[in-house]
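J.: Have a look at the structure that comes next, please.
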Amino acid sequence: MTLTDDQKDAVTELVNIAFSRTAAALSELTGNRVELTVPEVSAHPISGLLPALSRFVCGDVATVHQIFGGPVSGDAFLLLDVDGANRLVDLLTDAGAPTRQMGSSAREVLAEVGNILLNACLGVFGDLLQVRFTFAVPRLHLEALASMLDSLVIGRDELRHALLVGARFRLRASEVTGCMVLVLGITSLKLFVQVIEEWAERAATES
C-alpha cells in the first residue's frame with residue numbers, strides 16, 4: 001500500500017502532534033530540553049522495510065516492542081541505534097552502557113523509556129482519532145536489525161505493512177537517532193489511514 005500525497009500529509013500532521021508530546025515526555029524524563037527534527041513518514045511492505053530503516057538505524061539496535069489492540073491493532077516498535085540507547089541510559093542512570101549482556105537495571109530503564117514514548121505517541125493517536133487502544137507489556141530486545149525484521153514475518157499469514165516514522169532527537173547537543181514503526185495488517189492499515197483522513201477533514205473544517 002502506497003500513501004497518496006494527501007494521505008502522507010495527513011499522517012505527517014498527526015505524527016508531528018504526537019511526536020511533540022513524545023519529545024515533551026522525553027524532556028521530562030531526562031531533565032533536558034529535547035529538540036526534534038520533523039518526522040519523516042512512509043509506508044512499506046515488510047519485505048521493503050530494511051532499506052528504509054537503514055536511513056535511521058543500522059547494525060545492532062535496541063528495540064522496544066509493544067503489541068496494541070482495538071479497532072486498529074498491530075505491533076509498535078521504538079528502534080534506537082546502540083549509540084543512541086547508550087546516550088539515553090547515560091542521561092537517565094549510571095546503569096551502564098547497553099550491550100547484549102547489559103545489566104537488568106539498564107534494560108529496565110530502556111524498556112520504561114520505550115514504554116513512555118510509545119504510549120505518548122499512540123495515546124495522541126487514540127485521543128485525536130477517537131480510537132481506543134489496549135496495550136500489552138512492552139519488551140526490550142537487543143539484536144541485529146535484520147534479525148528483528150525477520151521476527152516480524154515468521155508465522156504470519158496476513159500480508160503486513162509497516163508505517164515508518166523516522167526522527168532525530170537532540171539532547172544536550174547530543175543527537176539520538178531512532179524511529180517508530182507500526183506494523184499493521186492491511187485491514188488495520190487501511191482503517192488507520194481512513195480515520196486519519198477523517199480527522200484531517202474535521203480539523204480543516206474547524207480551523
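Residues are named by chain letter and number: chains run A, B, ... in the order of the C-alpha cells, numbers start at 1 in each chain, and ligands are numbered from 1 in the order shown.
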Within 9 Å of Arg168 in chain A, counting only C-alpha atoms, which residues show up once you throw out same-chain ones fewer than 2 positions away? Write them as a PyMOL selection string, please.
T.: chain A and resi 35-39+56+166+170+175-179
J.: Go ahead and save the picked residues with N, CA, C and O atoms, as a short mmCIF file (atom, residue, chain, number, x, y, z; two decimals), in the first residue's frame.
T.:
```cif
data_model
loop_
_atom_site.label_atom_id
_atom_site.label_comp_id
_atom_site.auth_asym_id
_atom_site.auth_seq_id
_atom_site.Cartn_x
_atom_site.Cartn_y
_atom_site.Cartn_z
N GLU A 35 15.17 18.74 21.42
CA GLU A 35 14.84 19.29 20.10
C GLU A 35 14.54 18.12 19.17
O GLU A 35 15.22 17.09 19.20
N LEU A 36 13.55 18.30 18.35
CA LEU A 36 13.08 17.21 17.49
C LEU A 36 13.04 17.66 16.05
O LEU A 36 12.48 18.71 15.74
N THR A 37 13.64 16.88 15.17
CA THR A 37 13.52 17.17 13.74
C THR A 37 12.12 16.79 13.27
O THR A 37 11.40 16.03 13.94
N VAL A 38 11.71 17.34 12.14
CA VAL A 38 10.40 16.99 11.58
C VAL A 38 10.42 15.50 11.21
O VAL A 38 11.28 15.06 10.44
N PRO A 39 9.50 14.72 11.76
CA PRO A 39 9.49 13.28 11.46
C PRO A 39 9.22 13.02 9.98
O PRO A 39 8.50 13.77 9.32
N PHE A 56 17.92 5.41 9.31
CA PHE A 56 17.84 5.91 10.68
C PHE A 56 18.62 5.05 11.67
O PHE A 56 19.20 5.58 12.62
N GLY A 166 10.42 8.17 11.10
CA GLY A 166 11.83 8.36 11.45
C GLY A 166 12.06 9.77 11.96
O GLY A 166 11.51 10.74 11.43
N ARG A 170 17.56 15.61 19.74
CA ARG A 170 18.83 16.18 20.18
C ARG A 170 18.70 16.56 21.65
O ARG A 170 17.85 17.35 22.04
N GLU A 175 23.00 14.03 19.57
CA GLU A 175 21.90 13.56 18.73
C GLU A 175 21.60 12.08 18.99
O GLU A 175 22.50 11.25 19.06
N VAL A 176 20.33 11.78 19.16
CA VAL A 176 19.86 10.40 19.30
C VAL A 176 18.96 10.12 18.10
O VAL A 176 17.94 10.77 17.93
N THR A 177 19.36 9.20 17.28
CA THR A 177 18.60 8.88 16.08
C THR A 177 17.81 7.60 16.30
O THR A 177 18.33 6.63 16.82
N GLY A 178 16.56 7.65 15.92
CA GLY A 178 15.74 6.45 16.07
C GLY A 178 14.49 6.56 15.24
O GLY A 178 14.30 7.52 14.47
N CYS A 179 13.63 5.60 15.37
CA CYS A 179 12.39 5.64 14.62
C CYS A 179 11.34 4.79 15.32
O CYS A 179 11.64 3.94 16.17
#
```
J.: For Thr187 in chain A, work out the shell of residues within 9 Å, counting only C-alpha atoms and skipping chain neighbours fewer than 4 positions away, then give it as a list in words.
T.: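 So the residues in contact are Val72, Leu191 and Phe192 of chain A.
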J.: Now that the selection is made, can you save its residues with C-alpha atoms as a PDB file, in the first residue's frame?
T.:
```pdb
ATOM      1  CA  VAL A  72      -6.710  -0.828  14.735  1.00  0.00           C
ATOM      2  CA  LEU A 191      -8.645   1.701   8.586  1.00  0.00           C
ATOM      3  CA  PHE A 192      -5.854   3.673  10.271  1.00  0.00           C
TER       4      PHE A 192
END
```
J.: Would you kindly return, as a PyMOL selection string, each protein, DNA or RNA residue with an atom no farther than 9 Å from any atom of Gly31 in chain A, considering only C-alpha atoms and excluding same-chain residues fewer than 4 positions away?
T.: chain A and resi 26-27+91-92
J.: Can you pull out every residue from chain A that DSSP, working from the backbone, puts in helix (DSSP H, G or I), and format the result as a ChimeraX atom specification?
T.: /A:5-30,46-53,82-92,104-129,145-153,186-206
J.: Write out the residues from the selection above, keeping C-alpha atoms, as a CSV table (one decimal), in the first residue's frame.
T.:
```
chain,number,residue,atom,x,y,z
A,5,ASP,CA,0.4,12.8,-1.1
A,6,ASP,CA,-2.8,13.9,0.8
A,7,GLN,CA,-2.6,10.8,3.0
A,8,LYS,CA,1.0,11.3,3.7
A,9,ASP,CA,0.4,15.0,4.6
A,10,ALA,CA,-2.4,13.9,7.0
A,11,VAL,CA,-0.3,11.2,8.6
A,12,THR,CA,2.6,13.6,8.9
A,13,GLU,CA,0.5,16.3,10.6
A,14,LEU,CA,-0.8,13.7,13.1
A,15,VAL,CA,2.7,12.4,13.7
A,16,ASN,CA,4.0,15.9,14.3
A,17,ILE,CA,1.5,16.4,17.1
A,18,ALA,CA,2.2,13.0,18.6
A,19,PHE,CA,6.0,13.4,18.4
A,20,SER,CA,5.8,16.9,20.0
A,21,ARG,CA,4.2,15.2,23.0
A,22,THR,CA,6.7,12.4,22.8
A,23,ALA,CA,9.6,14.9,22.9
A,24,ALA,CA,8.0,16.6,25.9
A,25,ALA,CA,7.8,13.2,27.7
A,26,LEU,CA,11.5,12.6,26.8
A,27,SER,CA,12.4,16.1,28.1
A,28,GLU,CA,10.6,15.4,31.4
A,29,LEU,CA,12.4,12.0,31.7
A,30,THR,CA,15.9,13.4,31.1
A,46,ILE,CA,7.6,-5.7,5.4
A,47,SER,CA,9.9,-7.0,2.7
A,48,GLY,CA,10.9,-3.5,1.7
A,49,LEU,CA,11.4,-2.1,5.2
A,50,LEU,CA,15.1,-2.7,5.8
A,51,PRO,CA,16.4,-0.1,3.3
A,52,ALA,CA,14.1,2.5,4.7
A,53,LEU,CA,15.0,1.7,8.3
A,82,VAL,CA,23.1,1.3,20.2
A,83,ASP,CA,24.9,4.6,20.5
A,84,GLY,CA,21.6,6.4,20.9
A,85,ALA,CA,20.4,3.9,23.5
A,86,ASN,CA,23.8,4.3,25.3
A,87,ARG,CA,23.4,8.1,25.5
A,88,LEU,CA,19.8,7.8,26.8
A,89,VAL,CA,21.0,5.4,29.5
A,90,ASP,CA,23.8,7.7,30.4
A,91,LEU,CA,21.4,10.6,30.8
A,92,LEU,CA,18.9,8.7,32.9
A,104,SER,CA,18.9,-5.7,34.3
A,105,SER,CA,18.7,-2.2,35.6
A,106,ALA,CA,19.8,-0.7,32.3
A,107,ARG,CA,17.3,-3.0,30.4
A,108,GLU,CA,14.6,-1.8,32.7
A,109,VAL,CA,15.5,1.9,32.0
A,110,LEU,CA,15.3,1.4,28.2
A,111,ALA,CA,12.1,-0.6,28.4
A,112,GLU,CA,10.5,2.1,30.6
A,113,VAL,CA,11.7,4.8,28.2
A,114,GLY,CA,10.3,2.9,25.3
A,115,ASN,CA,7.0,2.3,27.1
A,116,ILE,CA,6.6,6.0,27.9
A,117,LEU,CA,7.5,7.2,24.4
A,118,LEU,CA,5.3,4.6,22.6
A,119,ASN,CA,2.4,5.3,24.9
A,120,ALA,CA,2.7,9.1,24.5
A,121,CYS,CA,2.7,8.7,20.7
A,122,LEU,CA,-0.1,6.1,20.5
A,123,GLY,CA,-2.0,8.0,23.1
A,124,VAL,CA,-2.1,11.0,20.9
A,125,PHE,CA,-3.3,8.9,18.0
A,126,GLY,CA,-6.1,7.4,20.1
A,127,ASP,CA,-7.2,10.8,21.5
A,128,LEU,CA,-7.2,12.6,18.2
A,129,LEU,CA,-8.6,9.8,16.1
A,145,LEU,CA,18.3,-5.1,12.6
A,146,ALA,CA,17.9,-7.9,10.1
A,147,SER,CA,17.0,-10.4,12.8
A,148,MET,CA,14.4,-8.0,14.2
A,149,LEU,CA,12.8,-7.7,10.8
A,150,ASP,CA,12.9,-11.5,10.3
A,151,SER,CA,10.9,-11.9,13.5
A,152,LEU,CA,8.0,-9.8,12.1
A,153,VAL,CA,7.2,-12.2,9.3
A,186,ILE,CA,-3.6,-4.5,5.5
A,187,THR,CA,-7.1,-4.2,7.0
A,188,SER,CA,-5.8,-2.2,10.0
A,189,LEU,CA,-3.6,-0.1,7.9
A,190,LYS,CA,-6.4,0.9,5.6
A,191,LEU,CA,-8.6,1.7,8.6
A,192,PHE,CA,-5.9,3.7,10.3
A,193,VAL,CA,-5.3,5.8,7.2
A,194,GLN,CA,-9.1,6.3,6.8
A,195,VAL,CA,-9.6,7.6,10.3
A,196,ILE,CA,-6.5,9.9,9.9
A,197,GLU,CA,-8.1,11.3,6.7
A,198,GLU,CA,-11.4,11.9,8.6
A,199,TRP,CA,-9.5,13.6,11.4
A,200,ALA,CA,-7.7,15.9,8.9
A,201,GLU,CA,-11.0,16.8,7.3
A,202,ARG,CA,-12.6,17.6,10.7
A,203,ALA,CA,-9.5,19.7,11.7
A,204,ALA,CA,-9.7,21.6,8.4
A,205,THR,CA,-13.4,22.3,8.8
A,206,GLU,CA,-12.9,23.6,12.4
```
J.: List as number ranges by chain the protein and nucleic acid residues near Ala76 in chain A, meaning an atom at most 12 Å away when only C-alpha atoms are counted, but skip any in the same chain fewer than 5 places from it.
T.: A: 63-69, 114-115, 117-119, 121-122, 133-140, 152, 162-165, 179-184
J.: May I have the residues from that selection written out with C-alpha atoms, as a PDB file, in the first residue's frame?
T.:
```pdb
ATOM      1  CA  THR A  63      14.117  -2.309  20.193  1.00  0.00           C
ATOM      2  CA  VAL A  64      11.156  -1.797  22.493  1.00  0.00           C
ATOM      3  CA  HIS A  65       8.231  -3.835  21.171  1.00  0.00           C
ATOM      4  CA  GLN A  66       4.647  -3.258  22.264  1.00  0.00           C
ATOM      5  CA  ILE A  67       1.586  -5.066  20.933  1.00  0.00           C
ATOM      6  CA  PHE A  68      -1.576  -2.962  20.778  1.00  0.00           C
ATOM      7  CA  GLY A  69      -5.173  -3.888  20.078  1.00  0.00           C
ATOM      8  CA  GLY A 114      10.252   2.918  25.269  1.00  0.00           C
ATOM      9  CA  ASN A 115       7.001   2.336  27.118  1.00  0.00           C
ATOM     10  CA  LEU A 117       7.485   7.193  24.396  1.00  0.00           C
ATOM     11  CA  LEU A 118       5.291   4.635  22.615  1.00  0.00           C
ATOM     12  CA  ASN A 119       2.353   5.306  24.938  1.00  0.00           C
ATOM     13  CA  CYS A 121       2.683   8.701  20.729  1.00  0.00           C
ATOM     14  CA  LEU A 122      -0.070   6.093  20.499  1.00  0.00           C
ATOM     15  CA  PHE A 133      -6.172   1.140  22.101  1.00  0.00           C
ATOM     16  CA  THR A 134      -5.232  -1.594  24.540  1.00  0.00           C
ATOM     17  CA  PHE A 135      -1.571  -2.282  25.277  1.00  0.00           C
ATOM     18  CA  ALA A 136       0.474  -5.314  26.193  1.00  0.00           C
ATOM     19  CA  VAL A 137       3.552  -5.041  28.414  1.00  0.00           C
ATOM     20  CA  PRO A 138       6.493  -3.771  26.302  1.00  0.00           C
ATOM     21  CA  ARG A 139       9.508  -5.990  25.745  1.00  0.00           C
ATOM     22  CA  LEU A 140      13.082  -4.926  25.099  1.00  0.00           C
ATOM     23  CA  LEU A 152       8.033  -9.804  12.079  1.00  0.00           C
ATOM     24  CA  ALA A 162       4.759  -1.013   8.154  1.00  0.00           C
ATOM     25  CA  LEU A 163       4.201   2.664   8.817  1.00  0.00           C
ATOM     26  CA  LEU A 164       7.670   4.071   9.442  1.00  0.00           C
ATOM     27  CA  VAL A 165       8.188   7.301  11.384  1.00  0.00           C
ATOM     28  CA  CYS A 179      12.388   5.637  14.617  1.00  0.00           C
ATOM     29  CA  MET A 180       8.996   4.261  15.441  1.00  0.00           C
ATOM     30  CA  VAL A 181       7.481   1.521  13.336  1.00  0.00           C
ATOM     31  CA  LEU A 182       3.833   0.483  13.354  1.00  0.00           C
ATOM     32  CA  VAL A 183       3.371  -2.931  11.772  1.00  0.00           C
ATOM     33  CA  LEU A 184      -0.218  -3.469  10.685  1.00  0.00           C
TER      34      LEU A 184
END
```
